[in-house]
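For reference, input17.pdb is printed below; it contains PDB, C-alpha atoms.
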```pdb
MODEL        1
ATOM      1  CA  MET A   7     112.589  90.926  25.887
ATOM      2  CA  ASP A   8     112.910  91.984  29.549
ATOM      3  CA  THR A   9     116.703  91.799  29.277
ATOM      4  CA  LEU A  10     116.589  93.979  26.185
ATOM      5  CA  LYS A  11     114.413  96.552  27.930
ATOM      6  CA  LEU A  12     116.769  96.649  30.912
ATOM      7  CA  LYS A  13     119.745  97.093  28.635
ATOM      8  CA  ASN A  14     118.055  99.936  26.798
ATOM      9  CA  LYS A  15     117.406 101.759  30.074
ATOM     10  CA  ASN A  16     121.127 102.105  30.554
ATOM     11  CA  THR A  17     121.862 103.480  27.098
ATOM     12  CA  PHE A  18     122.681 107.090  26.351
ATOM     13  CA  PHE A  19     119.289 107.729  24.766
ATOM     14  CA  TYR A  20     116.915 106.338  27.434
ATOM     15  CA  SER A  21     113.969 108.706  27.861
ATOM     16  CA  LYS A  22     113.609 110.125  31.373
ATOM     17  CA  LYS A  23     110.098 110.807  32.615
ATOM     18  CA  THR A  24     110.981 111.652  36.213
ATOM     19  CA  ILE A  25     113.354 113.934  38.100
ATOM     20  CA  ASN A  26     114.770 112.688  41.398
ATOM     21  CA  TYR A  27     115.225 115.503  43.892
ATOM     22  CA  GLY A  28     115.852 115.426  47.620
ATOM     23  CA  GLY A  29     114.539 111.892  47.946
ATOM     24  CA  LYS A  30     111.359 112.783  46.044
ATOM     25  CA  ILE A  31     110.204 112.063  42.490
ATOM     26  CA  LEU A  32     108.892 114.756  40.153
ATOM     27  CA  ASP A  33     106.858 113.259  37.324
ATOM     28  CA  ILE A  34     107.437 115.126  34.051
ATOM     29  CA  SER A  35     105.593 112.722  31.766
ATOM     30  CA  ASN A  36     103.175 115.650  31.702
ATOM     31  CA  PRO A  37     105.000 119.017  31.390
ATOM     32  CA  VAL A  38     105.583 121.099  34.512
ATOM     33  CA  VAL A  39     106.111 124.765  35.323
ATOM     34  CA  MET A  40     109.275 126.245  36.809
ATOM     35  CA  GLY A  41     108.529 129.597  38.416
ATOM     36  CA  VAL A  42     111.230 132.269  38.291
ATOM     37  CA  LEU A  43     112.186 134.104  41.486
ATOM     38  CA  ASN A  44     114.764 136.748  40.616
ATOM     39  CA  ILE A  45     116.216 138.586  43.576
ATOM     40  CA  THR A  46     118.406 140.871  41.488
ATOM     41  CA  SER A  47     117.873 144.584  41.032
ATOM     42  CA  ASP A  48     118.635 144.617  37.295
ATOM     43  CA  SER A  49     116.910 141.623  35.694
ATOM     44  CA  PHE A  50     115.360 142.536  32.345
ATOM     45  CA  TYR A  51     111.741 142.120  33.493
ATOM     46  CA  ASP A  52     111.288 141.780  37.251
ATOM     47  CA  GLY A  53     114.479 143.334  38.576
ATOM     48  CA  GLY A  54     113.945 144.919  41.989
ATOM     49  CA  ARG A  55     110.443 143.489  42.511
ATOM     50  CA  TYR A  56     111.412 140.821  45.044
ATOM     51  CA  THR A  57     114.208 142.296  47.124
ATOM     52  CA  SER A  58     112.441 142.048  50.506
ATOM     53  CA  GLU A  59     111.929 138.785  52.364
ATOM     54  CA  TYR A  60     108.174 139.377  52.565
ATOM     55  CA  LYS A  61     107.819 139.829  48.801
ATOM     56  CA  GLN A  62     110.050 136.829  48.091
ATOM     57  CA  ILE A  63     107.964 134.539  50.288
ATOM     58  CA  LYS A  64     104.657 135.873  48.950
ATOM     59  CA  GLN A  65     105.739 135.474  45.332
ATOM     60  CA  THR A  66     106.939 131.924  45.988
ATOM     61  CA  GLU A  67     103.637 131.078  47.666
ATOM     62  CA  LYS A  68     101.706 132.586  44.752
ATOM     63  CA  MET A  69     103.635 130.563  42.178
ATOM     64  CA  ILE A  70     103.172 127.317  44.109
ATOM     65  CA  ILE A  71      99.424 127.925  44.453
ATOM     66  CA  GLN A  72      99.210 128.621  40.712
ATOM     67  CA  GLY A  73     100.864 125.304  39.889
ATOM     68  CA  ALA A  74     104.646 125.685  39.876
ATOM     69  CA  LYS A  75     106.448 122.427  40.673
ATOM     70  CA  ILE A  76     109.912 124.019  40.712
ATOM     71  CA  ILE A  77     111.043 127.405  42.013
ATOM     72  CA  ASP A  78     114.169 128.712  40.273
ATOM     73  CA  ILE A  79     116.038 131.218  42.432
ATOM     74  CA  GLY A  80     118.664 133.481  40.885
ATOM     75  CA  ALA A  81     120.841 136.125  42.506
ATOM     76  CA  VAL A  82     122.827 137.138  39.407
ATOM     77  CA  SER A  83     121.259 138.889  36.429
ATOM     78  CA  THR A  84     122.177 137.204  33.135
ATOM     79  CA  LYS A  85     120.428 139.633  30.802
ATOM     80  CA  PRO A  86     122.479 140.950  27.828
ATOM     81  CA  GLY A  87     125.090 143.367  29.104
ATOM     82  CA  ALA A  88     124.474 142.560  32.766
ATOM     83  CA  LYS A  89     127.141 143.652  35.198
ATOM     84  CA  GLN A  90     129.233 140.943  36.791
ATOM     85  CA  VAL A  91     128.481 140.004  40.396
ATOM     86  CA  SER A  92     131.118 138.676  42.774
ATOM     87  CA  GLU A  93     130.889 135.202  44.242
ATOM     88  CA  LYS A  94     130.633 136.691  47.724
ATOM     89  CA  GLU A  95     127.682 138.896  46.787
ATOM     90  CA  GLU A  96     125.895 136.013  45.046
ATOM     91  CA  ILE A  97     126.285 133.798  48.109
ATOM     92  CA  GLN A  98     125.099 136.542  50.487
ATOM     93  CA  LYS A  99     121.886 136.978  48.476
ATOM     94  CA  LEU A 100     121.152 133.433  47.348
ATOM     95  CA  ILE A 101     121.891 131.137  50.293
ATOM     96  CA  PRO A 102     119.782 132.877  52.978
ATOM     97  CA  LEU A 103     116.799 132.877  50.614
ATOM     98  CA  ILE A 104     117.160 129.182  49.799
ATOM     99  CA  ILE A 105     117.162 128.475  53.544
ATOM    100  CA  LYS A 106     114.020 130.584  54.057
ATOM    101  CA  ILE A 107     112.148 129.062  51.103
ATOM    102  CA  ARG A 108     113.070 125.541  52.179
ATOM    103  CA  LYS A 109     111.855 126.195  55.730
ATOM    104  CA  LYS A 110     108.594 127.819  54.599
ATOM    105  CA  PHE A 111     107.855 125.355  51.768
ATOM    106  CA  PRO A 112     109.528 122.057  52.763
ATOM    107  CA  ASP A 113     108.164 120.021  49.843
ATOM    108  CA  ILE A 114     108.811 122.341  46.914
ATOM    109  CA  CYS A 115     111.603 121.560  44.463
ATOM    110  CA  ILE A 116     114.146 124.401  44.576
ATOM    111  CA  SER A 117     116.462 125.154  41.671
ATOM    112  CA  ALA A 118     119.522 127.332  42.220
ATOM    113  CA  ASP A 119     120.379 129.410  39.154
ATOM    114  CA  THR A 120     124.173 129.664  39.270
ATOM    115  CA  TYR A 121     127.177 128.981  37.068
ATOM    116  CA  ARG A 122     129.649 128.787  39.971
ATOM    117  CA  ALA A 123     130.543 125.349  41.359
ATOM    118  CA  SER A 124     131.155 126.657  44.894
ATOM    119  CA  VAL A 125     127.763 128.380  44.949
ATOM    120  CA  ALA A 126     126.121 125.230  43.565
ATOM    121  CA  LYS A 127     127.509 123.163  46.437
ATOM    122  CA  LEU A 128     126.495 125.701  49.080
ATOM    123  CA  SER A 129     123.030 125.913  47.557
ATOM    124  CA  VAL A 130     122.490 122.161  47.757
ATOM    125  CA  ASP A 131     123.975 122.007  51.247
ATOM    126  CA  ASN A 132     121.325 124.518  52.331
ATOM    127  CA  GLY A 133     118.267 123.028  50.664
ATOM    128  CA  ALA A 134     118.377 123.417  46.876
ATOM    129  CA  ASN A 135     117.514 120.336  44.798
ATOM    130  CA  ILE A 136     118.571 121.275  41.263
ATOM    131  CA  ILE A 137     121.396 123.322  39.760
ATOM    132  CA  ASN A 138     120.512 125.487  36.751
ATOM    133  CA  ASP A 139     123.722 126.479  34.961
ATOM    134  CA  ILE A 140     123.392 128.959  32.082
ATOM    135  CA  SER A 141     126.925 128.140  30.952
ATOM    136  CA  GLY A 142     126.462 124.390  30.605
ATOM    137  CA  GLY A 143     129.660 123.849  32.561
ATOM    138  CA  THR A 144     131.805 126.235  30.502
ATOM    139  CA  PHE A 145     132.237 129.098  32.993
ATOM    140  CA  ASP A 146     133.574 127.015  35.890
ATOM    141  CA  ALA A 147     135.859 124.042  35.241
ATOM    142  CA  GLN A 148     134.844 122.488  38.566
ATOM    143  CA  MET A 149     131.104 122.480  37.913
ATOM    144  CA  PHE A 150     130.746 118.969  36.452
ATOM    145  CA  LYS A 151     132.838 117.375  39.198
ATOM    146  CA  THR A 152     130.821 119.262  41.788
ATOM    147  CA  ILE A 153     127.511 118.103  40.301
ATOM    148  CA  ALA A 154     128.756 114.507  40.380
ATOM    149  CA  LYS A 155     129.731 114.920  44.032
ATOM    150  CA  ILE A 156     126.549 116.586  45.280
ATOM    151  CA  ASN A 157     124.425 114.237  43.133
ATOM    152  CA  VAL A 158     121.527 116.478  42.085
ATOM    153  CA  PRO A 159     119.735 117.041  38.767
ATOM    154  CA  TYR A 160     121.619 119.427  36.510
ATOM    155  CA  ILE A 161     120.165 121.813  33.939
ATOM    156  CA  ILE A 162     122.696 122.267  31.174
ATOM    157  CA  MET A 163     122.064 125.331  29.031
ATOM    158  CA  HIS A 164     123.723 126.444  25.820
ATOM    159  CA  ILE A 165     125.195 129.929  25.589
ATOM    160  CA  GLN A 166     127.470 131.579  23.055
ATOM    161  CA  GLY A 167     129.760 134.059  24.791
ATOM    162  CA  SER A 168     128.865 135.528  28.178
ATOM    163  CA  PRO A 169     126.003 137.736  29.389
ATOM    164  CA  GLN A 170     128.295 140.704  28.944
ATOM    165  CA  ASN A 171     128.917 140.128  25.207
ATOM    166  CA  MET A 172     126.579 137.356  23.996
ATOM    167  CA  GLN A 173     124.261 139.589  21.966
ATOM    168  CA  LYS A 174     126.904 141.714  20.237
ATOM    169  CA  ASN A 175     127.191 139.551  17.124
ATOM    170  CA  PRO A 176     126.174 135.899  17.588
ATOM    171  CA  VAL A 177     127.086 133.837  14.518
ATOM    172  CA  TYR A 178     126.401 130.186  13.664
ATOM    173  CA  LYS A 179     126.686 128.121  10.501
ATOM    174  CA  ASP A 180     123.765 125.983  11.714
ATOM    175  CA  VAL A 181     122.463 127.032  15.104
ATOM    176  CA  VAL A 182     120.510 123.861  15.945
ATOM    177  CA  LYS A 183     123.233 121.455  14.831
ATOM    178  CA  GLU A 184     125.858 123.403  16.781
ATOM    179  CA  ILE A 185     123.766 123.355  19.945
ATOM    180  CA  ILE A 186     123.160 119.619  19.542
ATOM    181  CA  LEU A 187     126.900 119.068  19.107
ATOM    182  CA  PHE A 188     127.564 121.095  22.263
ATOM    183  CA  PHE A 189     125.081 119.015  24.253
ATOM    184  CA  SER A 190     126.521 115.772  22.870
ATOM    185  CA  LYS A 191     130.002 116.649  24.104
ATOM    186  CA  GLN A 192     128.936 118.006  27.489
ATOM    187  CA  ILE A 193     126.463 115.207  28.243
ATOM    188  CA  LYS A 194     129.121 112.634  27.389
ATOM    189  CA  LYS A 195     131.448 114.248  29.957
ATOM    190  CA  LEU A 196     128.709 114.229  32.586
ATOM    191  CA  LYS A 197     127.763 110.600  31.934
ATOM    192  CA  GLU A 198     131.411 109.535  32.224
ATOM    193  CA  ILE A 199     131.580 110.844  35.808
ATOM    194  CA  GLY A 200     128.228 109.392  36.828
ATOM    195  CA  VAL A 201     125.819 112.303  36.329
ATOM    196  CA  ASN A 202     122.562 110.916  34.934
ATOM    197  CA  ASP A 203     119.825 113.356  35.952
ATOM    198  CA  ILE A 204     120.336 115.889  33.177
ATOM    199  CA  ILE A 205     117.912 118.461  31.769
ATOM    200  CA  ILE A 206     118.784 120.312  28.564
ATOM    201  CA  ASP A 207     117.978 123.943  27.786
ATOM    202  CA  PRO A 208     118.785 125.334  24.302
ATOM    203  CA  GLY A 209     119.219 128.797  25.797
ATOM    204  CA  PHE A 210     116.764 131.077  24.028
ATOM    205  CA  GLY A 211     118.216 134.588  23.924
ATOM    206  CA  PHE A 212     121.666 133.589  25.141
ATOM    207  CA  GLY A 213     123.950 134.406  22.235
ATOM    208  CA  LYS A 214     121.237 134.099  19.579
ATOM    209  CA  THR A 215     119.650 136.514  17.156
ATOM    210  CA  LEU A 216     115.896 136.781  16.702
ATOM    211  CA  ALA A 217     116.154 134.460  13.697
ATOM    212  CA  HIS A 218     118.255 131.942  15.662
ATOM    213  CA  ASN A 219     115.668 131.829  18.449
ATOM    214  CA  TYR A 220     112.785 131.112  16.102
ATOM    215  CA  GLU A 221     114.749 128.482  14.212
ATOM    216  CA  ILE A 222     115.481 126.717  17.516
ATOM    217  CA  LEU A 223     111.806 126.853  18.456
ATOM    218  CA  ASP A 224     110.760 125.558  15.046
ATOM    219  CA  LYS A 225     113.167 122.615  15.361
ATOM    220  CA  LEU A 226     112.781 122.045  19.104
ATOM    221  CA  ASP A 227     111.658 118.470  18.537
ATOM    222  CA  MET A 228     115.141 117.686  17.184
ATOM    223  CA  PHE A 229     116.418 117.790  20.773
ATOM    224  CA  LYS A 230     114.403 114.648  21.444
ATOM    225  CA  ILE A 231     117.426 112.789  20.072
ATOM    226  CA  PHE A 232     118.893 112.921  23.589
ATOM    227  CA  GLU A 233     115.696 111.601  25.179
ATOM    228  CA  LEU A 234     116.330 113.868  28.143
ATOM    229  CA  PRO A 235     113.906 116.419  29.589
ATOM    230  CA  VAL A 236     113.872 119.689  27.645
ATOM    231  CA  LEU A 237     113.457 123.005  29.449
ATOM    232  CA  VAL A 238     112.529 126.178  27.601
ATOM    233  CA  GLY A 239     112.854 129.681  28.948
ATOM    234  CA  MET A 240     111.284 132.275  26.648
ATOM    235  CA  SER A 241     109.258 134.182  29.224
ATOM    236  CA  ARG A 242     108.891 137.855  28.219
ATOM    237  CA  LYS A 243     112.200 137.751  26.335
ATOM    238  CA  ARG A 244     113.574 139.921  23.550
ATOM    239  CA  MET A 245     112.486 137.378  20.916
ATOM    240  CA  ILE A 246     108.924 138.407  21.803
ATOM    241  CA  TYR A 247     109.036 142.079  22.637
ATOM    242  CA  LYS A 248     111.489 143.096  19.902
ATOM    243  CA  LEU A 249     109.503 141.241  17.262
ATOM    244  CA  LEU A 250     106.214 142.822  18.381
ATOM    245  CA  ASN A 251     107.715 146.247  19.163
ATOM    246  CA  ILE A 252     106.449 146.188  22.740
ATOM    247  CA  THR A 253     108.010 146.121  26.227
ATOM    248  CA  PRO A 254     108.710 143.051  28.401
ATOM    249  CA  SER A 255     105.759 144.031  30.611
ATOM    250  CA  GLU A 256     103.488 143.725  27.554
ATOM    251  CA  ALA A 257     104.874 140.364  26.431
ATOM    252  CA  LEU A 258     102.692 137.944  28.409
ATOM    253  CA  ASN A 259     100.434 137.030  25.481
ATOM    254  CA  GLY A 260     103.449 136.427  23.248
ATOM    255  CA  THR A 261     104.996 134.276  25.966
ATOM    256  CA  SER A 262     101.882 132.105  26.132
ATOM    257  CA  VAL A 263     101.904 131.664  22.356
ATOM    258  CA  LEU A 264     105.545 130.556  22.290
ATOM    259  CA  ASN A 265     105.121 128.287  25.316
ATOM    260  CA  THR A 266     102.200 126.574  23.596
ATOM    261  CA  ILE A 267     104.294 125.975  20.476
ATOM    262  CA  ALA A 268     107.141 124.627  22.609
ATOM    263  CA  LEU A 269     104.795 122.228  24.403
ATOM    264  CA  LEU A 270     103.455 120.914  21.108
ATOM    265  CA  LYS A 271     107.057 120.288  20.054
ATOM    266  CA  GLY A 272     107.902 118.301  23.177
ATOM    267  CA  ALA A 273     109.040 120.714  25.904
ATOM    268  CA  ASN A 274     108.900 119.166  29.386
ATOM    269  CA  ILE A 275     109.525 122.201  31.595
ATOM    270  CA  LEU A 276     108.435 125.806  31.081
ATOM    271  CA  ARG A 277     110.567 128.342  32.943
ATOM    272  CA  VAL A 278     108.344 131.392  33.388
ATOM    273  CA  HIS A 279     107.595 134.542  35.334
ATOM    274  CA  ASP A 280     103.831 133.996  34.983
ATOM    275  CA  VAL A 281     102.913 130.580  36.331
ATOM    276  CA  LYS A 282      99.132 130.689  35.937
ATOM    277  CA  GLN A 283      99.224 131.259  32.179
ATOM    278  CA  ALA A 284     101.929 128.615  31.628
ATOM    279  CA  PHE A 285      99.948 126.092  33.672
ATOM    280  CA  GLU A 286      96.884 126.796  31.534
ATOM    281  CA  ALA A 287      98.908 126.277  28.352
ATOM    282  CA  ILE A 288      99.993 122.884  29.687
ATOM    283  CA  LYS A 289      96.416 121.880  30.517
ATOM    284  CA  ILE A 290      95.197 122.819  27.045
ATOM    285  CA  THR A 291      98.007 121.129  25.107
ATOM    286  CA  SER A 292      97.760 118.051  27.332
ATOM    287  CA  ALA A 293      94.048 117.798  26.542
ATOM    288  CA  LEU A 294      94.852 118.058  22.843
ATOM    289  CA  ASN A 295      97.539 115.392  23.079
ATOM    290  CA  SER A 296      95.184 113.118  25.012
ATOM    291  CA  TYR A 297      92.526 113.503  22.326
ATOM    292  CA  ASN A 298      95.035 112.798  19.555
ATOM    293  CA  GLN A 299      96.251 109.648  21.313
ATOM    294  CA  LYS A 300      92.695 108.389  21.794
ATOM    295  CA  GLN A 301      91.903 109.139  18.167
ATOM    296  CA  MET A 302      94.986 107.303  16.993
ATOM    297  CA  LEU A 303      94.065 104.242  19.064
ATOM    298  CA  SER A 304      90.528 104.393  17.727
ATOM    299  CA  ASP A 305      91.807 104.514  14.154
ATOM    300  CA  LEU A 306      93.916 101.431  14.784
ATOM    301  CA  LYS A 307      90.909  99.351  15.836
TER     302      LYS A 307
ENDMDL
END
```
For the structure just supplied, provide its representation as C-alpha cells.
Amino acid sequence: MDTLKLKNKNTFFYSKKTINYGGKILDISNPVVMGVLNITSDSFYDGGRYTSEYKQIKQTEKMIIQGAKIIDIGAVSTKPGAKQVSEKEEIQKLIPLIIKIRKKFPDICISADTYRASVAKLSVDNGANIINDISGGTFDAQMFKTIAKINVPYIIMHIQGSPQNMQKNPVYKDVVKEIILFFSKQIKKLKEIGVNDIIIDPGFGFGKTLAHNYEILDKLDMFKIFELPVLVGMSRKRMIYKLLNITPSEALNGTSVLNTIALLKGANILRVHDVKQAFEAIKITSALNSYNQKQMLSDLK
C-alpha cells in the first residue's frame, strides 16, 4: 500500500496541496488570496492608483494585513486593447518594486506578472517567488525553459489571441474542453523538462465572451482532472460589470458572488483587488465545507 501511494505521488494527476516558494511552504489545502498590485497607468480598474513608492508600499501592507498570502505585481496592462509595453519599460517599473517589496516584507510570497522569459528571470533574481504568465508560455518560446532553470512555481493561464485583439471575436466549439486540451499539452511540456509546481488559471476575460466566462465558471470543477491548484481572477471584470450594466468601481459585490461560487467549485487561489472581501468569502465557504464534511462523517456512523 505504501509503495502504491508513493507511486501515485509521482503521477501526472497527483493533487498538490502546497506551493514551495523561496524555501518556504504555502499551504493551499484551504484557499488563499492573491492581492493584485498593478503599477500601470492604464489598467481597467486601478490604473494610476499605485504609481508612487509610498502608495505601493501602503497598498501591499494593507493587503497583507487583510489576509493576502501572495502579492501579484504587474507592470504591463493586459486589459482588452491595452497598448504594448517594451521589455525595457517593464523591467524599469517591475524590478525596483520587487526589490522594495521584498526588503519591506521579507516573508511575503511575491508573484511577478509577466509573459517575458527575461523579465521572469530578473524578477526571481531580485526576490520574486512565482511567475504568473497570462500567455501560458505561448508569447515567449523561452519561458518554459526559463521556468525550469529558475525553479519557481509557474501560473499557466489560458488566453485566446493577445490583449490587443483577444476580445474582438473569440470563438470556441467547446470552450472548457479546448482550455483543458491546452493545459494538457502545455503541462506535459513543463513536466518533461522538470517543472512540477504548476498552478492553472482558465483566464476569465482573456479571449472569452460573457457566455464563455460563465460556462467556465459553471464547469470550473472539471479542471480538477489535473489535480493542480486552480487560480481564478474575476475581480471587477467585464463579466460582472457588463452583465449588471455598472462600472468596474461598482463591481465589488458581483466579484464576491463569483468568488464564492468559484470556491464552492474548488478554486484554490483568488486573485483580487479587494483582499478583505475575498478573505471573508474563503472563511464562509470553508465553514460550510467543514460542516458538510462533519455531517457526512456523522451520516456514515
Looking at A:His164, A:His218, A:Arg277, A:Lys155, which one is nearest to Val201 in chain A, with distances taken over all atoms listed in the file?
A:Lys155
Work out how far apart CA of Thr152 in chain A and CA of Leu128 in chain A are and give it in Å to one decimal.
10.6 Å
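If you apply the PyMOL selection byres ((chain A and resi 124-126) around 8) to this structure, you end up with Glu93, Glu96, Ile97, Ala118, Thr120, Tyr121, Arg122, Ala123, Lys127, Leu128, Ser129, Val130, Ile137, Thr152 and Ile153 of chain A.
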Spatial neighbours of Tyr178 in chain A, max dist 10 Å, only C-alpha atoms, sep filter under 5 positions, as a list in words:
Gln166, Lys183, Glu184, Ile185, Gly213, Lys214, Thr215 and His218 of chain A
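Here, the PyMOL selection byres ((chain A and resi 36) around 9) matches Lys23, Asp33, Ile34, Ser35, Pro37, Val38, Asn274, Ile288 and Ser292 of chain A.
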Quick one: write out the picked residues with C-alpha atoms as a PDB file, keeping the file's coordinate frame?
```
ATOM      1  CA  LYS A  23     110.098 110.807  32.615  1.00  0.00           C
ATOM      2  CA  ASP A  33     106.858 113.259  37.324  1.00  0.00           C
ATOM      3  CA  ILE A  34     107.437 115.126  34.051  1.00  0.00           C
ATOM      4  CA  SER A  35     105.593 112.722  31.766  1.00  0.00           C
ATOM      5  CA  PRO A  37     105.000 119.017  31.390  1.00  0.00           C
ATOM      6  CA  VAL A  38     105.583 121.099  34.512  1.00  0.00           C
ATOM      7  CA  ASN A 274     108.900 119.166  29.386  1.00  0.00           C
ATOM      8  CA  ILE A 288      99.993 122.884  29.687  1.00  0.00           C
ATOM      9  CA  SER A 292      97.760 118.051  27.332  1.00  0.00           C
TER      10      SER A 292
END
```
To one decimal place, how far is CA of Leu226 in chain A from CA of Val39 in chain A in Å?
17.7 Å
Identify which of the residues A:Gln65, A:Asn26, A:Thr57, A:Gln192 lies closest to Phe232 in chain A, counting only C-alpha atoms when measuring atom-to-atom distances.
A:Gln192
Atom-to-atom span, CA of Pro235 in chain A and CA of Lys106 in chain A, Å:
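Computing it gives 28.3 Å between the two atoms.
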Reference answer for the PyMOL selection byres ((chain A and resi 112) around 12), as a count of residues only
19
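Here the question is which of A:His279, A:Lys230, A:Lys89, A:Lys179 gets nearest to Pro254 in chain A using all atoms listed in the file, and that residue is A:His279.
Taking only C-alpha atoms into account, Ile101 in chain A lies nearest to A:Asn132 out of the set A:Leu32, A:Lys68, A:Asn132, A:Ala88.
Nearest-residue note for Thr266 in chain A: choosing from A:Leu234, A:Phe229, A:Val177, A:Leu223, the minimum distance belongs to A:Leu223, counting all atoms listed in the file.
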Top pick for closest residue to Ile186 in chain A, considering A:Lys248, A:Tyr160, A:Glu286, A:Met228 and counting only C-alpha atoms
A:Met228
Hey, what's within 12 Å of Gly200 in chain A if we count only C-alpha atoms and toss same-chain stuff fewer than 3 positions away? As a ChimeraX atom specification, please?
/A:16,150-159,193-197,203-204
Skipping near chain neighbours, those fewer than 2 positions away, what residues fall within 8 Å of Pro86 in chain A using all atoms listed in the file, listed as a short mmCIF file (atom, residue, chain, number, x, y, z; two decimals) with C-alpha atoms, in the frame of the given file?
```
data_model
loop_
_atom_site.label_atom_id
_atom_site.label_comp_id
_atom_site.auth_asym_id
_atom_site.auth_seq_id
_atom_site.Cartn_x
_atom_site.Cartn_y
_atom_site.Cartn_z
CA THR A 84 122.18 137.20 33.14
CA ALA A 88 124.47 142.56 32.77
CA PRO A 169 126.00 137.74 29.39
CA GLN A 170 128.29 140.70 28.94
CA ASN A 171 128.92 140.13 25.21
CA MET A 172 126.58 137.36 24.00
CA GLN A 173 124.26 139.59 21.97
CA PHE A 212 121.67 133.59 25.14
#
```
